[in-house]
$ cat run-v2.cif   # mmCIF, C-alpha atoms
data_input
loop_
_atom_site.label_atom_id
_atom_site.label_comp_id
_atom_site.auth_asym_id
_atom_site.auth_seq_id
_atom_site.Cartn_x
_atom_site.Cartn_y
_atom_site.Cartn_z
CA MET A 1 -128.97 12.04 123.13
CA ALA A 2 -130.55 9.24 125.06
CA ASN A 3 -132.87 7.48 122.68
CA GLY A 4 -131.50 7.73 119.18
CA ASP A 5 -132.79 10.04 116.49
CA THR A 6 -136.30 10.84 115.33
CA THR A 7 -135.99 9.94 111.71
CA ASN A 8 -138.31 7.00 112.33
CA GLY A 9 -140.48 8.81 114.86
CA GLU A 10 -138.47 7.93 117.96
CA VAL A 11 -138.46 10.26 120.92
CA ILE A 12 -135.22 11.80 122.12
CA GLU A 13 -134.79 13.00 125.67
CA PHE A 14 -132.22 14.61 127.89
CA ILE A 15 -132.10 16.52 131.15
CA LEU A 16 -131.83 20.28 130.93
CA SER A 17 -129.74 22.36 133.29
CA GLY A 18 -131.40 25.09 135.30
CA GLU A 19 -133.92 25.61 138.04
CA LYS A 20 -136.62 22.92 138.13
CA LEU A 21 -140.21 23.20 139.30
CA LEU A 22 -140.91 22.06 142.85
CA SER A 23 -143.10 18.95 142.85
CA GLU A 24 -145.56 20.65 145.21
CA ASN A 25 -146.33 23.06 142.34
CA ALA A 26 -146.92 20.27 139.81
CA ASN A 27 -150.51 21.36 139.09
CA ASN A 28 -149.96 25.10 139.02
CA LEU A 29 -150.26 25.94 135.31
CA ASP A 30 -148.62 29.36 135.66
CA LEU A 31 -145.57 27.91 137.37
CA VAL A 32 -145.40 24.96 134.95
CA ALA A 33 -145.29 27.45 132.06
CA LYS A 34 -142.72 29.71 133.73
CA ALA A 35 -140.40 26.89 134.76
CA GLY A 36 -140.66 25.21 131.36
CA ASP A 37 -140.02 28.45 129.51
CA ASN A 38 -137.04 29.32 131.72
CA LEU A 39 -135.51 25.89 131.13
CA TYR A 40 -136.01 26.30 127.40
CA ARG A 41 -134.43 29.77 127.32
CA LYS A 42 -131.44 28.69 129.40
CA ASN A 43 -130.77 25.69 127.14
CA ARG A 44 -132.00 27.12 123.84
CA ASP A 45 -128.69 27.02 121.99
CA PHE A 46 -128.03 23.45 123.12
CA ILE A 47 -131.54 22.38 122.11
CA ARG A 48 -131.26 23.94 118.66
CA GLU A 49 -127.99 22.09 118.13
CA LYS A 50 -129.57 18.75 119.00
CA VAL A 51 -133.02 19.05 117.47
CA LYS A 52 -134.16 19.68 113.94
CA ASP A 53 -136.42 22.64 113.24
CA ASN A 54 -139.42 20.51 112.30
CA TRP A 55 -139.55 18.53 115.56
CA PHE A 56 -142.04 19.02 118.33
CA VAL A 57 -140.58 19.81 121.74
CA ILE A 58 -141.99 19.56 125.27
CA ILE A 59 -140.42 19.93 128.72
CA GLU A 60 -141.38 18.18 131.95
CA PRO A 61 -140.42 20.97 134.37
CA ILE A 62 -140.09 19.00 137.63
CA SER A 63 -137.35 16.69 136.41
CA GLY A 64 -136.21 19.15 133.71
CA THR A 65 -136.62 16.45 131.08
CA PHE A 66 -136.62 17.62 127.49
CA LEU A 67 -138.50 15.46 124.98
CA ALA A 68 -138.59 15.87 121.21
CA CYS A 69 -140.04 13.91 118.31
CA SER A 70 -141.05 14.45 114.72
CA SER A 71 -144.53 13.08 115.54
CA GLN A 72 -146.61 15.06 117.99
CA LEU A 73 -148.83 12.06 118.75
CA LYS A 74 -145.87 9.78 119.54
CA LEU A 75 -144.28 12.50 121.64
CA PHE A 76 -147.26 12.88 123.94
CA GLU A 77 -147.92 9.15 124.13
CA TYR A 78 -144.32 8.64 125.22
CA ALA A 79 -144.40 11.59 127.63
CA GLN A 80 -147.60 10.49 129.34
CA GLU A 81 -146.35 6.94 129.72
CA LYS A 82 -143.04 8.10 131.19
CA PHE A 83 -144.54 10.82 133.39
CA PRO A 84 -148.15 9.84 134.14
CA GLU A 85 -150.31 12.61 135.61
CA ARG A 86 -147.61 15.25 135.01
CA LEU A 87 -148.16 18.51 133.13
CA PHE A 88 -145.77 19.55 130.38
CA HIS A 89 -144.69 22.86 128.95
CA SER A 90 -144.84 22.73 125.17
CA ILE A 91 -142.48 24.59 122.89
CA GLY A 92 -144.38 23.39 119.82
CA LEU A 93 -142.56 23.12 116.53
CA LEU A 94 -139.02 24.34 117.17
CA LYS A 95 -138.90 26.38 113.97
CA ASN A 96 -142.04 28.31 114.89
CA ASN A 97 -140.70 29.02 118.34
CA SER A 98 -137.37 30.18 116.98
CA LEU A 99 -139.20 32.61 114.74
CA GLN A 100 -141.23 33.92 117.64
CA TYR A 101 -138.15 34.54 119.75
CA ALA A 102 -136.42 36.21 116.81
CA ARG A 103 -139.04 38.95 116.53
CA MET B 1 -167.43 7.88 108.63
CA PRO B 2 -168.02 9.11 105.08
CA ASP B 3 -165.29 9.00 102.49
CA LYS B 4 -162.95 11.94 102.26
CA PRO B 5 -164.48 14.37 99.78
CA GLN B 6 -162.41 15.73 96.93
CA ARG B 7 -163.71 19.27 97.25
CA LEU B 8 -165.63 21.25 99.88
CA GLU B 9 -166.88 24.79 99.56
CA PHE B 10 -168.03 27.14 102.28
CA PRO B 11 -169.30 30.70 102.04
CA VAL B 12 -167.01 33.38 103.39
CA ILE B 13 -169.05 35.35 105.85
CA GLU B 14 -169.51 39.10 105.79
CA ASN B 15 -166.31 40.05 107.61
CA PHE B 16 -164.20 37.90 105.28
CA SER B 17 -163.68 35.06 107.75
CA PRO B 18 -163.68 31.58 106.24
CA GLU B 19 -165.68 29.60 108.80
CA VAL B 20 -166.36 25.87 108.92
CA LEU B 21 -168.32 23.56 111.18
CA ILE B 22 -166.13 20.99 112.93
CA GLU B 23 -166.62 18.40 115.66
CA VAL B 24 -164.19 18.34 118.58
CA TYR B 25 -163.81 15.45 121.01
CA GLY B 26 -161.47 14.00 123.59
CA ILE B 27 -160.82 10.62 125.16
CA LEU B 28 -164.47 10.12 126.21
CA LYS B 29 -165.62 10.79 122.63
CA LYS B 30 -168.07 13.42 123.84
CA THR B 31 -168.47 15.47 120.69
CA ILE B 32 -168.91 19.24 120.65
CA LYS B 33 -169.77 21.04 117.43
CA VAL B 34 -168.11 24.41 116.93
CA VAL B 35 -167.83 26.92 114.11
CA ALA B 36 -164.15 27.67 113.61
CA THR B 37 -162.34 30.24 111.51
CA VAL B 38 -159.52 29.03 109.31
CA ASP B 39 -156.60 31.26 110.30
CA THR B 40 -153.47 30.74 108.23
CA GLY B 41 -151.66 33.21 110.48
CA SER B 42 -151.96 30.72 113.33
CA THR B 43 -149.25 28.07 113.60
CA GLY B 44 -151.30 25.85 115.92
CA PHE B 45 -153.86 23.11 115.36
CA LEU B 46 -157.02 24.44 117.00
CA GLN B 47 -157.84 27.05 119.61
CA ILE B 48 -161.18 26.98 121.40
CA PRO B 49 -162.55 28.75 124.47
CA LEU B 50 -161.73 27.14 127.81
CA ALA B 51 -165.37 26.34 128.55
CA THR B 52 -165.77 24.49 125.24
CA GLY B 53 -162.70 22.39 125.99
CA ILE B 54 -164.08 21.44 129.39
CA LYS B 55 -167.43 20.47 127.85
CA ALA B 56 -165.63 18.25 125.35
CA ASN B 57 -163.68 16.49 128.14
CA LEU B 58 -160.35 17.13 126.50
CA ARG B 59 -157.33 15.67 128.25
CA LEU B 60 -155.13 18.31 129.90
CA ILE B 61 -151.45 18.00 129.02
CA GLY B 62 -149.91 21.32 130.02
CA THR B 63 -149.13 24.81 128.89
CA ARG B 64 -147.56 26.75 126.06
CA TYR B 65 -146.75 30.39 125.35
CA TYR B 66 -148.16 31.80 122.13
CA THR B 67 -147.02 35.01 120.51
CA MET B 68 -149.99 37.15 119.51
CA ALA B 69 -150.17 39.33 116.41
CA ASP B 70 -149.36 42.39 118.52
CA GLY B 71 -146.24 40.75 119.95
CA ARG B 72 -147.63 39.83 123.37
CA LYS B 73 -146.76 36.41 124.75
CA VAL B 74 -149.78 34.67 126.23
CA LYS B 75 -149.87 31.43 128.18
CA LYS B 76 -152.50 28.97 127.05
CA ILE B 77 -153.66 25.65 128.41
CA GLU B 78 -153.12 22.73 126.05
CA CYS B 79 -155.08 19.50 125.72
CA MET B 80 -155.02 16.43 123.54
CA GLY B 81 -158.01 16.11 121.28
CA GLN B 82 -159.38 15.26 117.89
CA ILE B 83 -161.26 17.05 115.16
CA ARG B 84 -163.75 15.43 112.82
CA PHE B 85 -163.95 17.28 109.53
CA ALA B 86 -164.29 16.44 105.84
CA GLY B 87 -164.55 12.71 106.52
CA GLN B 88 -161.36 12.67 108.54
CA GLU B 89 -160.48 12.33 112.21
CA LEU B 90 -157.41 14.40 113.01
CA PHE B 91 -155.37 14.21 116.21
CA GLY B 92 -153.73 17.36 117.51
CA ILE B 93 -152.92 19.62 120.41
CA ILE B 94 -155.82 21.94 121.16
CA SER B 95 -155.15 25.18 123.00
CA LEU B 96 -157.77 26.60 125.34
CA SER B 97 -158.21 30.35 125.58
CA GLU B 98 -159.31 31.90 128.85
CA THR B 99 -159.92 35.29 127.25
CA SER B 100 -161.22 34.70 123.72
CA ASP B 101 -164.44 33.17 122.43
CA ASP B 102 -162.91 32.59 119.00
CA CYS B 103 -162.35 29.12 117.57
CA LEU B 104 -159.34 29.15 115.26
CA LEU B 105 -158.03 26.42 112.97
CA GLY B 106 -154.33 26.94 112.24
CA MET B 107 -151.67 25.69 109.89
CA GLN B 108 -151.10 22.42 111.78
CA PHE B 109 -154.74 21.58 111.09
CA LEU B 110 -154.35 22.32 107.38
CA GLU B 111 -151.19 20.23 107.23
CA ALA B 112 -152.90 17.31 108.97
CA LEU B 113 -155.95 17.63 106.72
CA GLY B 114 -153.81 17.24 103.62
CA MET B 115 -156.02 19.39 101.44
CA ASP B 116 -155.33 22.63 99.64
CA PHE B 117 -157.16 25.61 101.08
CA THR B 118 -158.15 28.56 98.94
CA VAL B 119 -160.13 31.69 99.72
CA SER B 120 -161.90 33.43 96.90
CA PRO B 121 -163.32 36.75 98.14
CA LYS B 122 -164.53 37.47 94.63
CA ASN B 123 -166.76 34.38 94.67
CA ASN B 124 -167.41 34.54 98.43
CA LYS B 125 -166.03 31.03 98.87
CA ALA B 126 -163.52 29.14 100.99
CA ILE B 127 -162.50 25.95 99.21
CA PHE B 128 -160.86 22.79 100.52
CA GLN B 129 -159.59 20.59 97.73
CA SER B 130 -157.77 17.26 97.78
CA LEU B 131 -154.16 17.60 96.78
CA SER B 132 -153.54 16.59 93.24
CA ILE B 133 -150.19 16.13 91.62
CA GLU B 134 -150.27 17.97 88.38
CA GLU B 135 -147.89 17.14 85.62
CA PRO B 136 -145.80 20.15 84.64
CA PRO B 137 -146.73 21.40 81.19
CA THR B 138 -144.55 19.88 78.53
CA GLU B 139 -143.10 22.15 75.95
CA GLU B 140 -144.30 21.43 72.48
CA PRO B 141 -141.43 21.03 70.07
CA PRO B 142 -141.48 23.82 67.53
CA THR B 143 -143.25 22.76 64.41
CA GLU B 144 -141.48 23.23 61.19
CA LYS B 145 -143.15 25.37 58.65
CA LYS B 146 -143.61 23.65 55.42
CA GLU B 147 -143.80 25.70 52.34
#

$ encode --input "run-v2.cif" --output "C-alpha coordinates"
Amino acid sequence: MANGDTTNGEVIEFILSGEKLLSENANNLDLVAKAGDNLYRKNRDFIREKVKDNWFVIIEPISGTFLACSSQLKLFEYAQEKFPERLFHSIGLLKNNSLQYAR
Amino acid sequence: MPDKPQRLEFPVIENFSPEVLIEVYGILKKTIKVVATVDTGSTGFLQIPLATGIKANLRLIGTRYYTMADGRKVKKIECMGQIRFAGQELFGIISLSETSDDCLLGMQFLEALGMDFTVSPKNNKAIFQSLSIEEPPTEEPPTEKKE
(Lines of atoms letter the chains of each structure in order from A and count residues from 1; the text may use other names and numbers.)
(Lines give C-alpha, C1' and ligand atoms only; values in the text may rest on other atoms or scores of the structure.)
Protein backbone atom coordinates (compact mmCIF):
# COMPACT_ATOMS: atom_id res chain seq x y z
CA MET A 1 0.00 0.00 0.00
CA ALA A 2 1.33 3.37 -0.96
CA ASN A 3 -0.25 5.85 1.37
CA GLY A 4 -0.91 4.20 4.70
CA ASP A 5 -4.28 3.04 5.93
CA THR A 6 -7.68 4.70 5.92
CA THR A 7 -8.45 4.58 9.59
CA ASN A 8 -8.10 8.36 9.70
CA GLY A 9 -9.60 8.94 6.27
CA GLU A 10 -6.39 8.66 4.26
CA VAL A 11 -6.50 7.44 0.69
CA ILE A 12 -4.64 4.31 -0.31
CA GLU A 13 -3.56 3.69 -3.87
CA PHE A 14 -1.78 1.12 -5.95
CA ILE A 15 -1.44 0.17 -9.59
CA LEU A 16 -3.54 -2.73 -10.81
CA SER A 17 -2.31 -5.28 -13.31
CA GLY A 18 -4.22 -5.78 -16.53
CA GLU A 19 -5.13 -4.01 -19.71
CA LYS A 20 -5.41 -0.23 -19.31
CA LEU A 21 -7.59 2.21 -21.21
CA LEU A 22 -5.93 4.04 -24.09
CA SER A 23 -5.65 7.75 -23.33
CA GLU A 24 -7.37 8.59 -26.63
CA ASN A 25 -10.50 6.97 -25.16
CA ALA A 26 -10.35 8.97 -21.93
CA ASN A 27 -13.79 10.55 -22.46
CA ASN A 28 -15.61 7.50 -23.75
CA LEU A 29 -17.86 6.54 -20.81
CA ASP A 30 -18.57 3.04 -22.12
CA LEU A 31 -14.88 2.24 -22.45
CA VAL A 32 -14.05 3.85 -19.09
CA ALA A 33 -16.63 1.57 -17.45
CA LYS A 34 -15.46 -1.55 -19.30
CA ALA A 35 -11.77 -0.98 -18.63
CA GLY A 36 -12.39 -0.12 -14.98
CA ASP A 37 -14.60 -3.15 -14.46
CA ASN A 38 -12.11 -5.47 -16.15
CA LEU A 39 -9.29 -4.16 -13.96
CA TYR A 40 -11.44 -4.68 -10.88
CA ARG A 41 -12.39 -8.24 -11.84
CA LYS A 42 -8.80 -9.21 -12.66
CA ASN A 43 -7.54 -7.88 -9.32
CA ARG A 44 -10.60 -8.55 -7.18
CA ASP A 45 -9.01 -11.03 -4.79
CA PHE A 46 -6.00 -8.77 -4.26
CA ILE A 47 -8.24 -5.75 -3.68
CA ARG A 48 -10.40 -7.57 -1.14
CA GLU A 49 -7.27 -8.58 0.74
CA LYS A 50 -6.05 -4.99 0.95
CA VAL A 51 -9.27 -3.07 1.47
CA LYS A 52 -11.91 -3.27 4.16
CA ASP A 53 -15.50 -3.93 3.14
CA ASN A 54 -16.75 -0.51 4.19
CA TRP A 55 -14.32 1.49 2.03
CA PHE A 56 -15.19 3.26 -1.17
CA VAL A 57 -13.21 2.22 -4.23
CA ILE A 58 -12.57 3.89 -7.58
CA ILE A 59 -10.25 3.08 -10.50
CA GLU A 60 -8.55 5.47 -12.90
CA PRO A 61 -8.49 3.19 -15.96
CA ILE A 62 -5.76 4.87 -18.04
CA SER A 63 -3.01 4.44 -15.48
CA GLY A 64 -4.77 1.51 -13.78
CA THR A 65 -4.59 3.31 -10.45
CA PHE A 66 -6.76 1.93 -7.70
CA LEU A 67 -7.88 4.38 -4.99
CA ALA A 68 -9.75 3.58 -1.79
CA CYS A 69 -10.82 5.53 1.27
CA SER A 70 -13.34 5.30 4.06
CA SER A 71 -14.63 8.78 3.14
CA GLN A 72 -16.21 9.17 -0.27
CA LEU A 73 -15.69 12.94 -0.24
CA LYS A 74 -11.97 12.66 0.56
CA LEU A 75 -11.57 9.95 -2.05
CA PHE A 76 -12.91 12.07 -4.89
CA GLU A 77 -11.11 15.21 -3.73
CA TYR A 78 -7.85 13.27 -3.76
CA ALA A 79 -8.62 11.58 -7.09
CA GLN A 80 -9.50 14.81 -8.86
CA GLU A 81 -6.40 16.55 -7.54
CA LYS A 82 -4.16 13.68 -8.63
CA PHE A 83 -5.87 13.09 -11.97
CA PRO A 84 -7.50 16.38 -13.01
CA GLU A 85 -10.00 16.11 -15.87
CA ARG A 86 -9.91 12.29 -15.81
CA LEU A 87 -12.97 10.06 -15.51
CA PHE A 88 -13.07 7.27 -12.96
CA HIS A 89 -14.84 3.95 -12.74
CA SER A 90 -16.45 3.58 -9.34
CA ILE A 91 -16.83 0.29 -7.53
CA GLY A 92 -18.74 1.98 -4.71
CA LEU A 93 -18.69 0.42 -1.27
CA LEU A 94 -16.67 -2.76 -1.59
CA LYS A 95 -19.11 -4.79 0.51
CA ASN A 96 -22.04 -3.87 -1.73
CA ASN A 97 -20.07 -4.78 -4.81
CA SER A 98 -19.00 -8.09 -3.36
CA LEU A 99 -22.62 -8.91 -2.69
CA GLN A 100 -23.59 -8.01 -6.22
CA TYR A 101 -20.93 -10.24 -7.71
CA ALA A 102 -21.92 -13.05 -5.37
CA ARG A 103 -25.46 -13.25 -6.74
CA MET B 1 -30.46 27.14 6.57
CA PRO B 2 -33.07 26.13 9.15
CA ASP B 3 -32.18 23.94 12.08
CA LYS B 4 -32.36 20.21 11.62
CA PRO B 5 -35.87 19.15 12.58
CA GLN B 6 -36.42 16.33 15.02
CA ARG B 7 -39.25 14.76 13.08
CA LEU B 8 -40.64 15.06 9.55
CA GLU B 9 -43.72 13.35 8.19
CA PHE B 10 -44.75 12.87 4.58
CA PRO B 11 -47.80 11.18 3.14
CA VAL B 12 -47.20 7.89 1.36
CA ILE B 13 -48.74 8.26 -2.04
CA GLU B 14 -51.28 5.90 -3.55
CA ASN B 15 -48.84 3.31 -4.88
CA PHE B 16 -47.09 3.04 -1.51
CA SER B 17 -44.04 5.08 -2.50
CA PRO B 18 -42.64 7.33 0.21
CA GLU B 19 -41.81 10.50 -1.72
CA VAL B 20 -40.07 13.64 -0.51
CA LEU B 21 -39.14 16.96 -2.04
CA ILE B 22 -35.39 17.56 -2.15
CA GLU B 23 -33.08 20.15 -3.68
CA VAL B 24 -30.13 18.97 -5.76
CA TYR B 25 -27.17 21.14 -6.73
CA GLY B 26 -23.61 20.95 -7.98
CA ILE B 27 -20.54 23.15 -7.93
CA LEU B 28 -22.35 26.17 -9.44
CA LYS B 29 -25.04 25.94 -6.74
CA LYS B 30 -27.78 25.93 -9.36
CA THR B 31 -30.56 24.27 -7.42
CA ILE B 32 -33.08 21.89 -8.96
CA LYS B 33 -36.08 20.70 -6.96
CA VAL B 34 -37.09 17.09 -7.48
CA VAL B 35 -39.54 14.69 -5.88
CA ALA B 36 -37.62 11.55 -4.96
CA THR B 37 -38.73 8.16 -3.71
CA VAL B 38 -36.97 6.76 -0.67
CA ASP B 39 -35.83 3.31 -1.82
CA THR B 40 -34.21 1.23 0.90
CA GLY B 41 -33.44 -1.43 -1.72
CA SER B 42 -31.01 0.98 -3.35
CA THR B 43 -27.46 1.05 -1.99
CA GLY B 44 -26.63 4.39 -3.62
CA PHE B 45 -27.06 8.01 -2.59
CA LEU B 46 -29.35 9.47 -5.24
CA GLN B 47 -30.35 8.57 -8.77
CA ILE B 48 -31.89 11.18 -11.04
CA PRO B 49 -32.60 11.33 -14.78
CA LEU B 50 -29.69 12.41 -16.97
CA ALA B 51 -31.45 15.60 -18.08
CA THR B 52 -32.03 16.68 -14.47
CA GLY B 53 -28.36 16.18 -13.68
CA ILE B 54 -27.35 18.32 -16.64
CA LYS B 55 -29.76 21.08 -15.59
CA ALA B 56 -28.25 21.05 -12.09
CA ASN B 57 -24.71 21.39 -13.50
CA LEU B 58 -23.44 18.40 -11.58
CA ARG B 59 -19.76 17.63 -11.95
CA LEU B 60 -19.08 14.49 -14.00
CA ILE B 61 -16.69 12.06 -12.32
CA GLY B 62 -17.13 8.79 -14.19
CA THR B 63 -19.09 5.60 -14.38
CA ARG B 64 -20.31 2.71 -12.29
CA TYR B 65 -22.16 -0.55 -12.90
CA TYR B 66 -25.31 -1.07 -10.86
CA THR B 67 -27.07 -4.38 -10.43
CA MET B 68 -30.80 -4.02 -11.00
CA ALA B 69 -33.48 -5.91 -9.11
CA ASP B 70 -33.83 -8.33 -12.03
CA GLY B 71 -30.10 -9.09 -12.02
CA ARG B 72 -29.11 -6.96 -15.01
CA LYS B 73 -25.93 -4.91 -14.72
CA VAL B 74 -26.40 -1.38 -16.00
CA LYS B 75 -23.76 1.28 -16.50
CA LYS B 76 -24.64 4.67 -15.07
CA ILE B 77 -22.94 8.03 -15.23
CA GLU B 78 -21.84 9.39 -11.86
CA CYS B 79 -21.47 12.98 -10.71
CA MET B 80 -20.55 14.80 -7.54
CA GLY B 81 -23.40 16.73 -6.02
CA GLN B 82 -25.27 17.76 -2.93
CA ILE B 83 -28.77 17.36 -1.58
CA ARG B 84 -30.54 19.88 0.63
CA PHE B 85 -33.13 18.19 2.81
CA ALA B 86 -34.41 18.47 6.37
CA GLY B 87 -32.14 21.40 7.17
CA GLN B 88 -29.04 19.55 6.04
CA GLU B 89 -26.71 19.75 3.07
CA LEU B 90 -25.44 16.29 2.19
CA PHE B 91 -22.57 15.51 -0.18
CA GLY B 92 -22.72 12.34 -2.23
CA ILE B 93 -22.26 10.61 -5.54
CA ILE B 94 -25.31 11.06 -7.74
CA SER B 95 -25.97 8.58 -10.51
CA LEU B 96 -27.64 9.71 -13.71
CA SER B 97 -30.03 7.38 -15.49
CA GLU B 98 -30.35 7.52 -19.25
CA THR B 99 -33.41 5.28 -19.28
CA SER B 100 -35.44 6.07 -16.15
CA ASP B 101 -37.34 9.17 -15.08
CA ASP B 102 -37.36 8.02 -11.46
CA CYS B 103 -35.55 9.89 -8.70
CA LEU B 104 -34.44 7.45 -6.01
CA LEU B 105 -32.89 8.14 -2.62
CA GLY B 106 -30.91 5.14 -1.39
CA MET B 107 -29.32 3.84 1.77
CA GLN B 108 -26.22 6.06 1.47
CA PHE B 109 -28.56 9.05 1.66
CA LEU B 110 -30.27 7.70 4.77
CA GLU B 111 -26.91 7.00 6.39
CA ALA B 112 -25.67 10.51 5.61
CA LEU B 113 -28.92 12.03 6.87
CA GLY B 114 -28.50 10.37 10.24
CA MET B 115 -32.21 10.03 10.89
CA ASP B 116 -34.37 6.98 11.38
CA PHE B 117 -36.77 6.33 8.54
CA THR B 118 -40.07 4.58 9.10
CA VAL B 119 -42.95 3.83 6.75
CA SER B 120 -46.39 3.38 8.23
CA PRO B 121 -48.79 2.17 5.52
CA LYS B 122 -51.52 1.96 8.13
CA ASN B 123 -51.25 5.69 8.83
CA ASN B 124 -50.23 6.60 5.27
CA LYS B 125 -47.04 8.21 6.54
CA ALA B 126 -43.31 8.16 5.90
CA ILE B 127 -41.48 9.46 8.97
CA PHE B 128 -37.95 10.79 9.38
CA GLN B 129 -36.94 11.06 12.99
CA SER B 130 -33.72 12.19 14.64
CA LEU B 131 -31.81 9.32 16.15
CA SER B 132 -32.27 9.08 19.86
CA ILE B 133 -30.35 6.87 22.18
CA GLU B 134 -32.82 5.12 24.35
CA GLU B 135 -31.84 3.66 27.65
CA PRO B 136 -32.54 -0.05 27.79
CA PRO B 137 -35.36 -0.83 30.19
CA THR B 138 -34.06 -1.65 33.62
CA GLU B 139 -35.45 -4.65 35.35
CA GLU B 140 -37.32 -3.84 38.49
CA PRO B 141 -36.10 -5.89 41.41
CA PRO B 142 -38.81 -8.22 42.58
CA THR B 143 -40.73 -6.73 45.42
CA GLU B 144 -41.11 -8.76 48.50
CA LYS B 145 -44.59 -9.53 49.58
CA LYS B 146 -45.25 -8.48 53.05
CA GLU B 147 -47.87 -10.26 54.96

$ atom_distance --input "run-v2.cif" --atom1 "atom CA of B:Ile93" --atom2 "atom CA of B:Ile48"
11.1 Å

$ closest_atom_pairs --input "run-v2.cif" --of "stretch 9-114 of chain B" --to "stretch 76-93 of chain A" --cutoff "8 Å" --atoms "only C-alpha atoms" --output "CSV"
residue,atom,partner,partner_atom,distance
B:Leu60,CA,A:Leu87,CA,7.7
B:Ile61,CA,A:Leu87,CA,5.3
B:Gly62,CA,A:Phe88,CA,4.5
B:Thr63,CA,A:His89,CA,4.8
B:Arg64,CA,A:Ser90,CA,4.9
B:Tyr65,CA,A:Ile91,CA,7.6

$ residues_around --input "run-v2.cif" --residues "A:Lys52" --least-positions-apart "4" --cutoff "10 Å" --atoms "all atoms listed in the file" --output "PDB file with C-alpha atoms, in the coordinates of the input"
ATOM      1  CA  THR A   6    -136.300  10.840 115.330  1.00  0.00           C
ATOM      2  CA  ILE A  47    -131.540  22.380 122.110  1.00  0.00           C
ATOM      3  CA  ARG A  48    -131.260  23.940 118.660  1.00  0.00           C
ATOM      4  CA  PHE A  56    -142.040  19.020 118.330  1.00  0.00           C
ATOM      5  CA  ALA A  68    -138.590  15.870 121.210  1.00  0.00           C
ATOM      6  CA  CYS A  69    -140.040  13.910 118.310  1.00  0.00           C
ATOM      7  CA  SER A  70    -141.050  14.450 114.720  1.00  0.00           C
ATOM      8  CA  LEU A  93    -142.560  23.120 116.530  1.00  0.00           C
ATOM      9  CA  LEU A  94    -139.020  24.340 117.170  1.00  0.00           C
ATOM     10  CA  LYS A  95    -138.900  26.380 113.970  1.00  0.00           C
TER      11      LYS A  95
END

$ resolve_selection --input "run-v2.cif" --expression "the PyMOL selection byres ((chain B) within 12 of (chain A))" --output "PyMOL selection string"
chain B and resi 41-45+59-82+90-95+107-108+112

$ residues_around --input "run-v2.cif" --residues "stretch 123-127 of chain B" --least-positions-apart "6" --cutoff "8 Å" --atoms "all atoms listed in the file" --output "ChimeraX atom specification"
/B:7-13,18,116-117

$ write_last_selection --input "run-v2.cif" --atoms "C-alpha atoms" --output "JSON list (two decimals), keeping the file's coordinate frame"
[["chain", "number", "residue", "atom", "x", "y", "z"],
["B", 7, "ARG", "CA", -163.71, 19.27, 97.25],
["B", 8, "LEU", "CA", -165.63, 21.25, 99.88],
["B", 9, "GLU", "CA", -166.88, 24.79, 99.56],
["B", 10, "PHE", "CA", -168.03, 27.14, 102.28],
["B", 11, "PRO", "CA", -169.30, 30.70, 102.04],
["B", 12, "VAL", "CA", -167.01, 33.38, 103.39],
["B", 13, "ILE", "CA", -169.05, 35.35, 105.85],
["B", 18, "PRO", "CA", -163.68, 31.58, 106.24],
["B", 116, "ASP", "CA", -155.33, 22.63, 99.64],
["B", 117, "PHE", "CA", -157.16, 25.61, 101.08]]

$ atom_distance --input "run-v2.cif" --atom1 "atom CA of A:Asn25" --atom2 "atom CA of A:Glu13"
22.6 Å

$ atom_distance --input "run-v2.cif" --atom1 "atom CA of B:Ile27" --atom2 "atom CA of A:Val57"
22.5 Å

$ axis_aligned_box --input "run-v2.cif" --around "stretch 44-58 of chain B" --padding-each-side "8 Å" --output "lines of an AutoDock Vina configuration file"
center_x = -159.4
center_y = 22.6
center_z = 122.4
size_x = 32.1
size_y = 28.3
size_z = 30.0

$ residues_around --input "run-v2.cif" --residues "A:Leu39" --least-positions-apart "5" --cutoff "9 Å" --atoms "all atoms listed in the file" --output "MDAnalysis selection string"
chainID A and resid 16:20 34 44 59 61 64

$ closest_residue --input "run-v2.cif" --among "A:Thr65, A:Lys74, A:Glu10, A:Asp53" --to "A:Ala35" --atoms "all atoms listed in the file"
A:Thr65
